[in-house]
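Trainee: Let me begin by handing over the structure; questions about it come next.
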Protein chains: 2
Amino acid sequence: MSRRIKEHSESALKSALARIKEILGPKGWADDPVDMAPYLKEQRGNYQSAAALVVYPNTTLEVSTVVSICAETGIGIVPQGGNTGLTGGSVGTAHGRDIILSTRRLNRIRAIDPVNDTIVVEAGVILQRVQQAAAEVDRLFPLSLGAEGTCQIGGNLSTNAGGTGVLRYGNARDLVLGLEVVLACGQIWDGLRSLRKDNTGYDLKHLFLGAEGTLGIITAAVLKLFPKPRQIDTALLAVPDPAAAIDLLPAARSAGNGALSAFELMPRQGLDFALRYIAGTIDPLPRPYDWYVLLELSSLTDGNNLRSRLEALLHNGFEKGLVLDAVIAGSITQSRQFWRLREGLVEGELYEGGSIRHDVSVPISRIPNFINQAVKAVQAKTLGIRPVAFGHIGDGNVHFNLIRPVDMDCDAFLAKQHELSDIVHDIAAALGGSFSAEHGIGLLKRDELGRRKPLVEIELMRRIKQALDPTGIMNPHKTLPEQIRRVK
Amino acid sequence: MSRRIKEHSESALKSALARIKEILGPKGWADDPVDMAPYLKEQRGNYQSAAALVVYPNTTLEVSTVVSICAETGIGIVPQGGNTGLTGGSVGTAHGRDIILSTRRLNRIRAIDPVNDTIVVEAGVILQRVQQAAAEVDRLFPLSLGAEGTCQIGGNLSTNAGGTGVLRYGNARDLVLGLEVVLACGQIWDGLRSLRKDNTGYDLKHLFLGAEGTLGIITAAVLKLFPKPRQIDTALLAVPDPAAAIDLLPAARSAGNGALSAFELMPRQGLDFALRYIAGTIDPLPRPYDWYVLLELSSLTDGNNLRSRLEALLHNGFEKGLVLDAVIAGSITQSRQFWRLREGLVEGELYEGGSIRHDVSVPISRIPNFINQAVKAVQAKTLGIRPVAFGHIGDGNVHFNLIRPVDMDCDAFLAKQHELSDIVHDIAAALGGSFSAEHGIGLLKRDELGRRKPLVEIELMRRIKQALDPTGIMNPHKTLPEQIRRVK
């Protein structure tokens with residue numbers, strides 16, 4: 001169901017595209033299959049992506065002009081950042097009559113103010129460059145995730161990216177003070193405020209943050225900066241089970257004095273994948289355990305007895321039976337080795353072949369319950385299935401991935417995807433959880449959204465979409481469900 | 001300009017009110033002038049407030065029923081919490097054909113989960129009761145403001161309240177994980193999620209937070225809790241000027257190790273008011289200075305050398321000429337005395353009579369510039385005027401209040417309100433600031449909103465209002481400007 005009002009004719013389409021090309025100049029677009037290929041590629045190969053044109057405007061004004069022409073003609077626009085998303089949000093539409101608008105040339109850092117602790121960046125700035133610019137003025141920009149070397153900040157904001165900094169600093173939306181957005185009519189909303197407090201009407205920025213480009217195109221943002229930690233201590237803990245990990249969390253928060261910066265759960269199965277497939281990984285503990293927690297405390301000051309607080313935390317945990325063994329990184333190299341296990345767990349899975357992934361969140365207190373129920377339920381369904389429940393449990397976020405039984409063919413296993421995902425998402429829902437904690441909706445999960453969101457909420461989303469993008473040209477077919485089928 | 005579609009006839013109004021009364025039962029409403037009086041009172045006496053009926057539903061379902069009837073009949077609804085707002089947001093409409101819906105009987109604490117660090121409260125719970133319930137499970141709910149003994153959490157959320165905890169914990173909206181809202185059609189949106197991460201579609205909660213009841217009625221919320229500080233150190237510093245205070249801020253942030261919990265500016269003029277009018281206030285420093293900073297560091301752990309870090313901060317500040325003198329509170333009593341000066345400054349002003357208040361924010365780095373320009377400009381306009389610039393400068397928020405010249409009559413001074421406020425707001429706007437940092441819009445500032453907001457933003461607000469409250473029954477005449485006159 002497309003809500004687009006004007007259906008453009010072939011000739012109107014051609015003439016609009018010609019006008020866009022003329023305005024942007026030869027550096028501003030591509031319509032040749034070879035040049036367009038990287039923008040059409042979907043990293044998991046799940047979707048057929050096509051476009052009438054790829055444009056890369058150089059300024060917000062150029063974005064505004066392109067959108068105005070598209071609004072007149074009814075041409076759909078797919079905004080695209082680094083194209084690293086995991087749910088197909090930046091994929092071109094299969095019919096190929098829409099355009100892809102890449103933000104890559106909107107790549108200026110417009111201002112940085114270390115006293116106000118803010119940086120003003122355009123949407124196309126690579127996340128790592130934002131981090132570096134902050135570091136150059138002795139500040140921290142805490143958003144951090146696997147794709148940080150290629151993803152763009154505009155995409156991070158449009159998808160409300162998560163990552164490893166959420167526990168202490170919040171999600172991407174929490175790091176934003178102001179936005180510049182090109183609206184669906186082509187008008188520019190300059191909401192680039194650098195204010196910590198501004199109670200003047202509806203908070204529009206939160207509407208565009210996480211909307212996956214379906215309400216407008218974020219072209220620039222004012223981001224919060226933070227003091228740089230001076231000291232970081234990392235520990236790898238063996239714990240009896242997820243319940244023990246959660247029992248340890250309040251004490252870890254207090255020991256961190258508000259600066260607990262990572263609390264990641266890992267099962268032995270995941271460690272085994274890392275140790276088997278990823279070069280340079282080592283198990284720092286003398287014998288294997290069922291479950292691990294990777295824990296990190298940081299401090300803004302030196303000489304802050306961080307280490308002794310960490311040691312006391314581990315000691316108390318050991319006394320209570322919540323910690324079975326633990327090792328504190330003695331060097332930056334060793335701390336990196338611990339993190340290598342955490343990252344290697346994800347990469348290692350790929351070598352094993354045939355994995356069905358989930359990005360679930362539940363209230364933190366229900367994590368053990370979720371993992372226990374979900375593990376039992378999928379094992380009951382598929383003999384020999386290997387569940388790997390890991391991730392940011394300090395935020396209530398579990399990446400609950402299922403690896404094929406060793407003796408089962410990949411395709412046979414992947415054919416069970418829907419059935420197994422329903423089981424996992426049903427359990428999360430019954431515990432008040434979410435079927436997409438940090439990866440978003442895009443194309444991949446919009447049917448799931450149609451099945452699981454309260455109808456009244458879908459209706460509110462539709463009304464907002466209709467109010468802000470009445471002709472439906474912004475990122476067509478994404479985020480909002482096309483059809484609503486309910487969970488039985 | 002009312003966007004209400006159905007104009008209710010007298011008989012339709014009467015019959016609808018009768019139905020509402022019947023459904024709520026005798027404990028659920030008042031239409032007698034004496035019983036209605038407290039709900040019609042506007043604390044500053046600025047507005048004539050009237051209503052056809054005051055209702056206090058006991059459950060969310062009752063709220064839903066009342067709103068459904070009002071939606072059918074086109075009766076406007078003014079949601080009201082503790083009625084402590086400063087901009088007339090909960091005032092009844094002058095024509096008296098609308099109803100006031102008080103949330104005071106929605107006063108249950110539905111759940112508390114210290115492991116997930118969340119509490120589920122209904123809108124009518126008094127803020128102080130939320131704080132106490134958190135303390136009972138050894139947690140902190142950090143929202144704190146002058147009216148906390150009478151204001152209701154629903155009102156705090158609807159106005160995105162600020163207060164003294166913002167520097168460390170953010171505004172009211174930052175403390176919310178989920179909401180339950182009765183929409184303008186009477187439907188209930190159950191968005192009471194207790195999740196730290198949930199990227200499934202548009203973030204609807206941020207739309208209702210801070211919307212001052214113009215888009216729906218918040219009936220319950222899931223709030224975040226935090227570990228309770230174990231140690232708090234308070235210091236009163238004399239500083240040469242606001243620029244020195246701002247220069248000191250980054251070091252104070254680092255010394256606080258992320259736990260700088262207050263950084264309040266006070267001018268001597270304000271201290272003088274407190275010392276003159278408020279019983280029990282004393283100046284802890286041996287001689288007067290032009291400017292002061294009230295600073296507070298807190299820690300979640302004991303034995304965390306908080307005191308020595310504070311002393312080092314003051315010592316370094318003294319060496320650099322940023323601190324002229326300072327005293328660290330030696331007891332809780334002394335710490336309360338410092339805070340008494342800060343609160344007494346506001347109360348003392350009232351005794352002086354004739355004050356014109358502003359609630360401005362600018363980027364933190366521009367605070368000194370704002371104060372310098374604004375002080376000069378108002379002094380140039382009115383000889384002998386006494387500006388008192390104080391407040392949460394760690395958030396960029398200045399309460400820039402103007403007290404009448406000693407030899408000027410109150411009324412004569414208050415007649416200059418528009419002229420002087422224009423000057424102050426113009427300077428804030430030129431520095432990228434806001435004319436309402438934490439108090440909101442309500443009735444008082446909606447003309448100012450119409451004059452100062454970008455037109456495109458007002459248009460976005462209108463479209464959202466139209467999408468969510470198409471018949472315009474939710475808190476009529478509030479927040480959105482009736483007429484748009486632009487600043488010259």
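Each chain of the structure tokens is named A, B, ... in the order shown, its residues numbered from 1; ligands are numbered from 1 in display order.
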Each residue of chain B lying at most 6 Å from chain A should get a row with its shortest atom-to-atom pair and the distance in Å to one decimal, counting only C-alpha atoms; could you produce that, ordered by chain and increasing number, as a tab-separated table?
Mentor:
residue	atom	partner	partner_atom	distance
B:Val115	CA	A:Ser365	CA	5.4
B:Asn116	CA	A:Ile364	CA	4.9
B:Ser194	CA	A:Pro363	CA	5.6
B:Leu195	CA	A:Pro363	CA	5.4
B:Arg196	CA	A:Asp395	CA	5.6
B:Lys197	CA	A:Ala437	CA	4.9
B:Asp198	CA	A:Ala437	CA	4.2
B:Asn199	CA	A:Gly440	CA	4.8
B:Thr200	CA	A:Gly440	CA	5.8
B:Tyr202	CA	A:Ala211	CA	5.6
B:Ala211	CA	A:Tyr202	CA	5.5
B:Ser254	CA	A:Leu300	CA	5.7
B:Asn257	CA	A:Leu300	CA	4.9
B:Leu300	CA	A:Asn257	CA	4.9
B:Pro363	CA	A:Leu195	CA	5.4
B:Ile364	CA	A:Asn116	CA	4.9
B:Ser365	CA	A:Asn116	CA	5.1
B:Asp395	CA	A:Arg196	CA	5.6
B:Ser434	CA	A:Asp198	CA	5.9
B:Ser436	CA	A:Asn199	CA	5.6
B:Ala437	CA	A:Asp198	CA	4.2
B:Glu438	CA	A:Asn199	CA	5.4
B:Gly440	CA	A:Asn199	CA	4.8
B:Arg463	CA	A:Ala467	CA	5.6
B:Ala467	CA	A:Arg463	CA	5.7
Trainee: Go ahead and save the picked residues with N, CA and C atoms, as a CSV table (one decimal), in the first residue's frame.
Mentor:
chain,number,residue,atom,x,y,z
B,115,VAL,N,16.1,-4.1,40.6
B,115,VAL,CA,17.1,-4.7,39.8
B,115,VAL,C,17.1,-4.1,38.4
B,116,ASN,N,15.9,-3.9,37.9
B,116,ASN,CA,15.7,-3.2,36.6
B,116,ASN,C,15.9,-1.7,36.8
B,194,SER,N,9.4,-1.2,30.1
B,194,SER,CA,10.5,-0.9,31.1
B,194,SER,C,11.8,-1.2,30.4
B,195,LEU,N,12.0,-0.9,29.1
B,195,LEU,CA,13.2,-1.3,28.4
B,195,LEU,C,14.1,-0.1,28.2
B,196,ARG,N,15.4,-0.4,28.3
B,196,ARG,CA,16.5,0.6,28.0
B,196,ARG,C,16.7,0.8,26.5
B,197,LYS,N,16.3,-0.2,25.8
B,197,LYS,CA,16.6,-0.2,24.3
B,197,LYS,C,15.4,-0.8,23.6
B,198,ASP,N,14.8,-0.1,22.7
B,198,ASP,CA,13.6,-0.6,22.0
B,198,ASP,C,13.5,0.2,20.7
B,199,ASN,N,14.1,-0.3,19.6
B,199,ASN,CA,14.1,0.5,18.4
B,199,ASN,C,13.0,-0.1,17.4
B,200,THR,N,11.7,0.1,17.8
B,200,THR,CA,10.7,-0.5,17.0
B,200,THR,C,9.7,0.6,16.6
B,202,TYR,N,8.6,4.8,15.6
B,202,TYR,CA,8.7,6.2,16.1
B,202,TYR,C,8.7,6.2,17.6
B,211,ALA,N,4.5,18.0,26.1
B,211,ALA,CA,3.5,18.6,25.2
B,211,ALA,C,2.4,19.3,26.0
B,254,SER,N,35.4,17.1,35.9
B,254,SER,CA,36.4,16.1,36.1
B,254,SER,C,36.6,15.7,37.5
B,257,ASN,N,34.2,13.5,38.8
B,257,ASN,CA,34.2,12.2,38.1
B,257,ASN,C,32.8,11.7,37.6
B,300,LEU,N,29.0,7.5,44.7
B,300,LEU,CA,28.2,6.3,45.0
B,300,LEU,C,28.9,5.4,46.0
B,363,PRO,N,23.9,28.3,25.0
B,363,PRO,CA,25.0,27.4,25.2
B,363,PRO,C,25.9,27.8,26.3
B,364,ILE,N,26.4,26.8,27.1
B,364,ILE,CA,27.1,27.1,28.4
B,364,ILE,C,28.2,28.1,28.1
B,365,SER,N,28.9,27.9,27.0
B,365,SER,CA,30.1,28.8,26.8
B,365,SER,C,29.7,30.2,26.6
B,395,ASP,N,23.9,23.8,33.3
B,395,ASP,CA,23.0,23.4,32.2
B,395,ASP,C,22.8,24.5,31.2
B,434,SER,N,17.2,30.1,24.3
B,434,SER,CA,15.8,29.8,24.4
B,434,SER,C,15.2,30.8,25.3
B,436,SER,N,12.4,29.9,27.0
B,436,SER,CA,11.8,29.1,28.1
B,436,SER,C,12.6,27.8,28.3
B,437,ALA,N,13.6,27.9,29.2
B,437,ALA,CA,14.5,26.7,29.3
B,437,ALA,C,13.8,25.6,30.0
B,438,GLU,N,13.1,25.9,31.1
B,438,GLU,CA,12.5,24.8,31.9
B,438,GLU,C,11.0,25.0,32.3
B,440,GLY,N,8.4,26.0,30.4
B,440,GLY,CA,7.4,25.7,29.3
B,440,GLY,C,6.7,26.9,28.7
B,463,ARG,N,0.8,20.5,12.6
B,463,ARG,CA,0.5,19.3,11.9
B,463,ARG,C,0.4,18.1,12.9
B,467,ALA,N,-2.8,15.9,13.7
B,467,ALA,CA,-2.8,14.5,13.6
B,467,ALA,C,-3.3,13.7,14.8
Trainee: Excluding Gln43 (chain B) and any residue of its chain fewer than 4 positions from it, enumerate the residues within 9 Å of it, using only C-alpha atoms, and give them as an mmCIF file with N, CA and C atoms, in the first residue's frame.
Mentor:
data_model
loop_
_atom_site.group_PDB
_atom_site.id
_atom_site.type_symbol
_atom_site.label_atom_id
_atom_site.label_comp_id
_atom_site.auth_asym_id
_atom_site.auth_seq_id
_atom_site.Cartn_x
_atom_site.Cartn_y
_atom_site.Cartn_z
ATOM 1 N N ASN B 83 -1.049 21.537 39.809
ATOM 2 C CA ASN B 83 -1.386 22.946 39.528
ATOM 3 C C ASN B 83 -0.304 23.889 40.048
ATOM 4 N N THR B 84 0.948 23.482 39.904
ATOM 5 C CA THR B 84 2.057 24.310 40.400
ATOM 6 C C THR B 84 2.879 24.927 39.274
ATOM 7 N N GLY B 85 2.452 24.734 38.023
ATOM 8 C CA GLY B 85 3.209 25.270 36.878
ATOM 9 C C GLY B 85 3.295 26.783 36.898
ATOM 10 N N LEU B 86 4.273 27.325 36.176
ATOM 11 C CA LEU B 86 4.538 28.764 36.216
ATOM 12 C C LEU B 86 4.092 29.490 34.956
ATOM 13 N N GLY B 88 0.785 28.916 33.416
ATOM 14 C CA GLY B 88 -0.671 28.847 33.187
ATOM 15 C C GLY B 88 -1.116 27.670 32.339
#
Trainee: Select, from B:His477, B:Lys41, B:Arg110, B:Arg97, the residue with the minimum atom-to-atom distance to Gln80 (chain B), counting only C-alpha atoms.
Mentor: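 Residue with the minimum atom-to-atom distance to Gln80 (chain B): B:Lys41.
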Trainee: Give me, please, the distance in Å between CA of Ala184 (chain B) and CA of Asp469 (chain B), quoted to one decimal.
Mentor: 5.3 Å
Trainee: Apply DSSP to the structure's backbone, then extract all residues of region 16-150 of chain A labelled strand (DSSP E) and return them as a list in words.
Mentor: Trp29, Ala30, Leu53, Val54, Val55, Ile77, Val78, Pro79, Gln80, Ile99, Ile100, Leu101, Ser102, Ile109, Arg110, Ala111, Ile112, Asp113, Thr118, Ile119, Val120, Val121, Glu122, Arg139 and Leu140 of chain A
Trainee: So that I can check the surroundings of region 265-273 of chain A, please list as an NGL selection string every protein, DNA and RNA residue that reaches within 10 Å of it, counting only C-alpha atoms and ignoring chain neighbours fewer than 5 positions away.
Mentor: :A and (237-239 or 241-242 or 245-246 or 278 or 281-283 or 288-295 or 341-352 or 386-394 or 397-399 or 401 or 403)
